[in-house]
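Read the structure below first, then the notes.
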Amino acid sequence: MELESLYDLLQLPKGMEPPAAEELPQGGKKKYLPPTSRKDPRFEELQKVLMEWINATLLPEHIVVRSLEEDVFDGLILHHLFQKLAALKLEAEDIALTAASQRHKLTVVLEAVNRSLQLEDRQPKWSVETIFNKDLLSTLHLLVALAKRFQPDLSLPANVQVEVITIESTKSGLKSEKSMEQLTECSTDKDQPPKDVFDELFKLAPEKVNAVKEAIVNFVNQKLDRLGLSVQNLDTQFADGVILLLLIGQLEGFFLHLKEFYLTPSSPAEMLHNVTLALELLKEEGLLSCPVSPEDIVNKDAKSTLRVLYGLFCKHRQQAHRGTTPQGAPN
């Protein structure tokens with residue numbers, strides 16, 4: 001294959017070299033994701049859902065994943081995630097600094113994962129080599145399999161498939177082939193888990209978002225009144241985690257020592273600390289119905305902020321109703 005046609009096929013930007021024939025042994029194959037596939041909305045959504053799930057699962061350990069491609073390869077995240085999901089202890093070193101020790105750690109983790117997924121008779125779509133080499137497709141196949149095994153109610157986008165280009169080294173040079181890679185299964189509505197209420201609200205009834213915000217702000221201000229605090233802008237005032245922590249303390253009866261959080265955070269790291277602590281408390285109380293990334297709250301994502309507050313709103317509004325509604329009255 002001519003070099004120019006290979007550039008065109010892979011859609012490589014100038015300055016990025018396509019694979020040379022000597023990089024692949026004869027008969028060797030390697031998959032590539034062209035930029036159009038990487039930018040596919042459903043492909044991006046799948047990565048976002050998986051990252052939020054991992055971050056919510058590992059929230060008590062203060063582990064944050066920002067890139068599935070860059071953060072998973074060395075086995076550290078997979079080690080903690082699998083131990084948490086499977087409720088077992090793996091005989092692997094916690095910190096692996098050298099490439100050799102990272103590869104060994106990854107091998108131990110993947111062997112345990114494959115046994116748990118009962119893949120002895122089937123060829124997995126990942127390997128130590130592909131994960132360690134930051135192969136995004138292999139990493140996604142692995143995480144989707146873990147989610148289906150340990151969190152079957154996780155709402156993964158259905159029927160995610162992307163175009164991939166497979167380069168094969170032959171006697172006559174490099175040979176390429178396009179194909180579609182299936183990452184998640186097709187699902188019927190019956191098989192789908194319940195949809196997130198705020199995804200539906202923002203998508204189907206955006207004109208009602210402000211009404212929901214107003215109701216939650218009124219609820220929050222009633223609870224914060226005894227502290228002499230009030231909220232005017234739901235989108236921005238929860239970003240540093242301070243009001244969120246004080247609200248949780250009021251509603252859930254927690255006493256938070258000032259040493260545990262930053263009352264006047266002055267950096268994104270301090271804000272992230274506060275929000276992470278708040279989400280940890282909410283998760284322990286069973287008030288997070290969907291995974292929420294602390295970074296999204298700090299970045300003033302309205303949907304994520306609403307998800308967090310809605311759990312508190314529903315729980316304490318229902319308690320108030322039970323205390324004031326006559327027995328037998330409809331809810």
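Each chain of the structure tokens is named A, B, ... in the order shown, its residues numbered from 1; ligands are numbered from 1 in display order.
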
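Around A:Ser37, within 12 Å and counting only C-alpha atoms, the residues found are Leu10, Gln11, Tyr32, Arg42, Phe43, Glu44, Leu136, Leu137, Val160, Gln161, Val162, Glu163, Val164, Ile165, Lys178, Ser179, Met180 and Glu181 of chain A, once anything fewer than 5 positions away on its own chain is removed.
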
I'd like the contact shell of stretch 96-100 of chain A - 12 Å cut-off, only C-alpha atoms, skipping same-chain residues fewer than 5 positions apart - returned as a PDB file with N, CA and C atoms, in the first residue's frame.
```pdb
ATOM      1  N   PHE A  73      -4.238   1.523  31.692  1.00  0.00           N
ATOM      2  CA  PHE A  73      -3.299   0.561  31.105  1.00  0.00           C
ATOM      3  C   PHE A  73      -2.405  -0.140  32.126  1.00  0.00           C
ATOM      4  N   ASP A  74      -2.038   0.532  33.236  1.00  0.00           N
ATOM      5  CA  ASP A  74      -1.029  -0.029  34.136  1.00  0.00           C
ATOM      6  C   ASP A  74      -1.584  -0.973  35.198  1.00  0.00           C
ATOM      7  N   GLY A  75      -2.900  -1.190  35.208  1.00  0.00           N
ATOM      8  CA  GLY A  75      -3.492  -2.162  36.128  1.00  0.00           C
ATOM      9  C   GLY A  75      -3.948  -1.603  37.455  1.00  0.00           C
ATOM     10  N   LEU A  76      -3.537  -0.368  37.795  1.00  0.00           N
ATOM     11  CA  LEU A  76      -3.891   0.194  39.107  1.00  0.00           C
ATOM     12  C   LEU A  76      -5.404   0.382  39.243  1.00  0.00           C
ATOM     13  N   ILE A  77      -6.015   1.058  38.266  1.00  0.00           N
ATOM     14  CA  ILE A  77      -7.465   1.294  38.310  1.00  0.00           C
ATOM     15  C   ILE A  77      -8.219  -0.027  38.264  1.00  0.00           C
ATOM     16  N   HIS A  79      -7.207  -2.930  39.165  1.00  0.00           N
ATOM     17  CA  HIS A  79      -6.989  -3.633  40.436  1.00  0.00           C
ATOM     18  C   HIS A  79      -8.007  -3.184  41.483  1.00  0.00           C
ATOM     19  N   LYS A 105       1.469  -6.794  37.291  1.00  0.00           N
ATOM     20  CA  LYS A 105       0.251  -6.473  38.039  1.00  0.00           C
ATOM     21  C   LYS A 105      -0.971  -6.622  37.141  1.00  0.00           C
ATOM     22  N   LEU A 106      -0.889  -6.085  35.922  1.00  0.00           N
ATOM     23  CA  LEU A 106      -1.993  -6.182  34.970  1.00  0.00           C
ATOM     24  C   LEU A 106      -2.306  -7.639  34.648  1.00  0.00           C
ATOM     25  N   THR A 107      -1.264  -8.462  34.515  1.00  0.00           N
ATOM     26  CA  THR A 107      -1.464  -9.894  34.227  1.00  0.00           C
ATOM     27  C   THR A 107      -2.253 -10.564  35.345  1.00  0.00           C
ATOM     28  N   PHE A 132      -2.160  -2.958  28.015  1.00  0.00           N
ATOM     29  CA  PHE A 132      -0.929  -2.270  28.404  1.00  0.00           C
ATOM     30  C   PHE A 132      -0.480  -1.276  27.335  1.00  0.00           C
ATOM     31  N   ASN A 133      -0.812  -1.554  26.084  1.00  0.00           N
ATOM     32  CA  ASN A 133      -0.461  -0.647  24.982  1.00  0.00           C
ATOM     33  C   ASN A 133      -1.534   0.408  24.734  1.00  0.00           C
TER      34      ASN A 133
END
```

* To do: Return as a ChimeraX atom specification the full set of residues in stretch 264-322 of chain A whose backbone-based DSSP assignment is alpha helix (DSSP H).
  => /A:268-284,294-298,302-322

* Asked: What is the atom CA of A:Ile63 to atom CA of A:Pro35 distance in Å?
  -> 28.8 Å

* Do a neighbour search on A:Glu168 at 8 Å with only C-alpha atoms, toss out local chain neighbours closer than 5 positions, and write the hits as a VMD selection string. => chain A and resid 24 26 to 30 174 to 176

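Counting from atom CA of A:Leu156, the distance to atom CA of A:Val298 is 24.2 Å.
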
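With only C-alpha atoms as the atoms that count, the minimum distance from A:Asn233 to the choices A:Ser67, A:Lys259, A:Thr305, A:Ala278 is reached by A:Thr305.
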
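Interatomic distance, atom CA of A:Leu282 to atom CA of A:Gly241: 12.6 Å.
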
* Determine, counting only C-alpha atoms, which protein, DNA and RNA residues have an atom within 12 Å of an atom of A:Glu270; residues of the same chain fewer than 5 positions away are not included. Present the result as an MDAnalysis selection string. => chainID A and resid 239:242 260:265 275:277 294:295 298

Serialized selection, N, CA, C and O atoms, as a compact mmCIF listing (two decimals), in the first residue's frame:
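So out30.txt came out as:
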```txt
# COMPACT_ATOMS: atom_id res chain seq x y z
N ALA A 239 -20.79 24.54 43.23
CA ALA A 239 -19.57 24.08 42.57
C ALA A 239 -18.40 23.87 43.53
O ALA A 239 -17.54 23.02 43.28
N ASP A 240 -18.35 24.63 44.63
CA ASP A 240 -17.21 24.46 45.55
C ASP A 240 -17.49 23.46 46.66
O ASP A 240 -16.63 23.17 47.48
N GLY A 241 -18.71 22.91 46.70
CA GLY A 241 -19.03 21.85 47.65
C GLY A 241 -19.40 22.31 49.05
O GLY A 241 -19.88 21.50 49.85
N VAL A 242 -19.21 23.59 49.36
CA VAL A 242 -19.43 24.06 50.73
C VAL A 242 -20.90 23.99 51.11
O VAL A 242 -21.29 23.37 52.11
N GLU A 260 -12.24 18.69 58.14
CA GLU A 260 -12.55 17.69 57.13
C GLU A 260 -12.81 18.28 55.75
O GLU A 260 -12.81 17.56 54.76
N PHE A 261 -13.07 19.57 55.68
CA PHE A 261 -13.34 20.19 54.38
C PHE A 261 -12.87 21.64 54.40
O PHE A 261 -12.48 22.18 55.44
N TYR A 262 -12.89 22.25 53.23
CA TYR A 262 -12.44 23.63 53.09
C TYR A 262 -13.66 24.56 53.10
O TYR A 262 -14.49 24.51 52.18
N LEU A 263 -13.77 25.38 54.15
CA LEU A 263 -14.91 26.28 54.27
C LEU A 263 -14.84 27.40 53.24
O LEU A 263 -15.88 27.89 52.77
N THR A 264 -13.65 27.82 52.88
CA THR A 264 -13.46 28.85 51.85
C THR A 264 -12.44 28.34 50.83
O THR A 264 -11.29 28.79 50.82
N PRO A 265 -12.83 27.38 49.99
CA PRO A 265 -11.87 26.81 49.03
C PRO A 265 -11.33 27.87 48.08
O PRO A 265 -12.08 28.71 47.57
N VAL A 275 -16.44 18.45 47.12
CA VAL A 275 -17.52 17.78 46.37
C VAL A 275 -17.38 16.26 46.48
O VAL A 275 -18.37 15.54 46.63
N THR A 276 -16.14 15.77 46.41
CA THR A 276 -15.91 14.32 46.53
C THR A 276 -16.39 13.82 47.90
O THR A 276 -17.02 12.76 47.99
N LEU A 277 -16.10 14.57 48.95
CA LEU A 277 -16.56 14.20 50.29
C LEU A 277 -18.08 14.18 50.35
O LEU A 277 -18.70 13.26 50.91
N PRO A 294 -17.54 14.05 40.44
CA PRO A 294 -17.31 15.29 41.20
C PRO A 294 -16.81 16.42 40.32
O PRO A 294 -17.11 17.59 40.57
N GLU A 295 -16.04 16.09 39.27
CA GLU A 295 -15.56 17.12 38.36
C GLU A 295 -16.72 17.85 37.68
O GLU A 295 -16.63 19.06 37.42
N VAL A 298 -18.02 20.47 40.07
CA VAL A 298 -17.07 21.59 40.13
C VAL A 298 -17.13 22.43 38.86
O VAL A 298 -17.01 23.65 38.89
```

* strand (DSSP E or B) per DSSP on the backbone: members of stretch 26-127 of chain A, as a PyMOL selection string -> chain A and resi 29-32

How would the residues just chosen look if you wrote them out with N, CA and C atoms as an mmCIF file, in the first residue's frame?
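Final output, saved to result39.cif:
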```cif
data_model
loop_
_atom_site.group_PDB
_atom_site.id
_atom_site.type_symbol
_atom_site.label_atom_id
_atom_site.label_comp_id
_atom_site.auth_asym_id
_atom_site.auth_seq_id
_atom_site.Cartn_x
_atom_site.Cartn_y
_atom_site.Cartn_z
ATOM 1 N N LYS A 29 -1.343 -8.120 12.972
ATOM 2 C CA LYS A 29 -2.446 -7.195 12.708
ATOM 3 C C LYS A 29 -2.554 -6.179 13.843
ATOM 4 N N LYS A 30 -3.030 -5.008 13.498
ATOM 5 C CA LYS A 30 -3.277 -3.981 14.497
ATOM 6 C C LYS A 30 -4.475 -3.150 14.080
ATOM 7 N N LYS A 31 -5.332 -2.847 15.072
ATOM 8 C CA LYS A 31 -6.534 -2.062 14.792
ATOM 9 C C LYS A 31 -6.292 -0.594 15.100
ATOM 10 N N TYR A 32 -6.891 0.265 14.279
ATOM 11 C CA TYR A 32 -6.792 1.708 14.478
ATOM 12 C C TYR A 32 -8.186 2.322 14.464
#
```
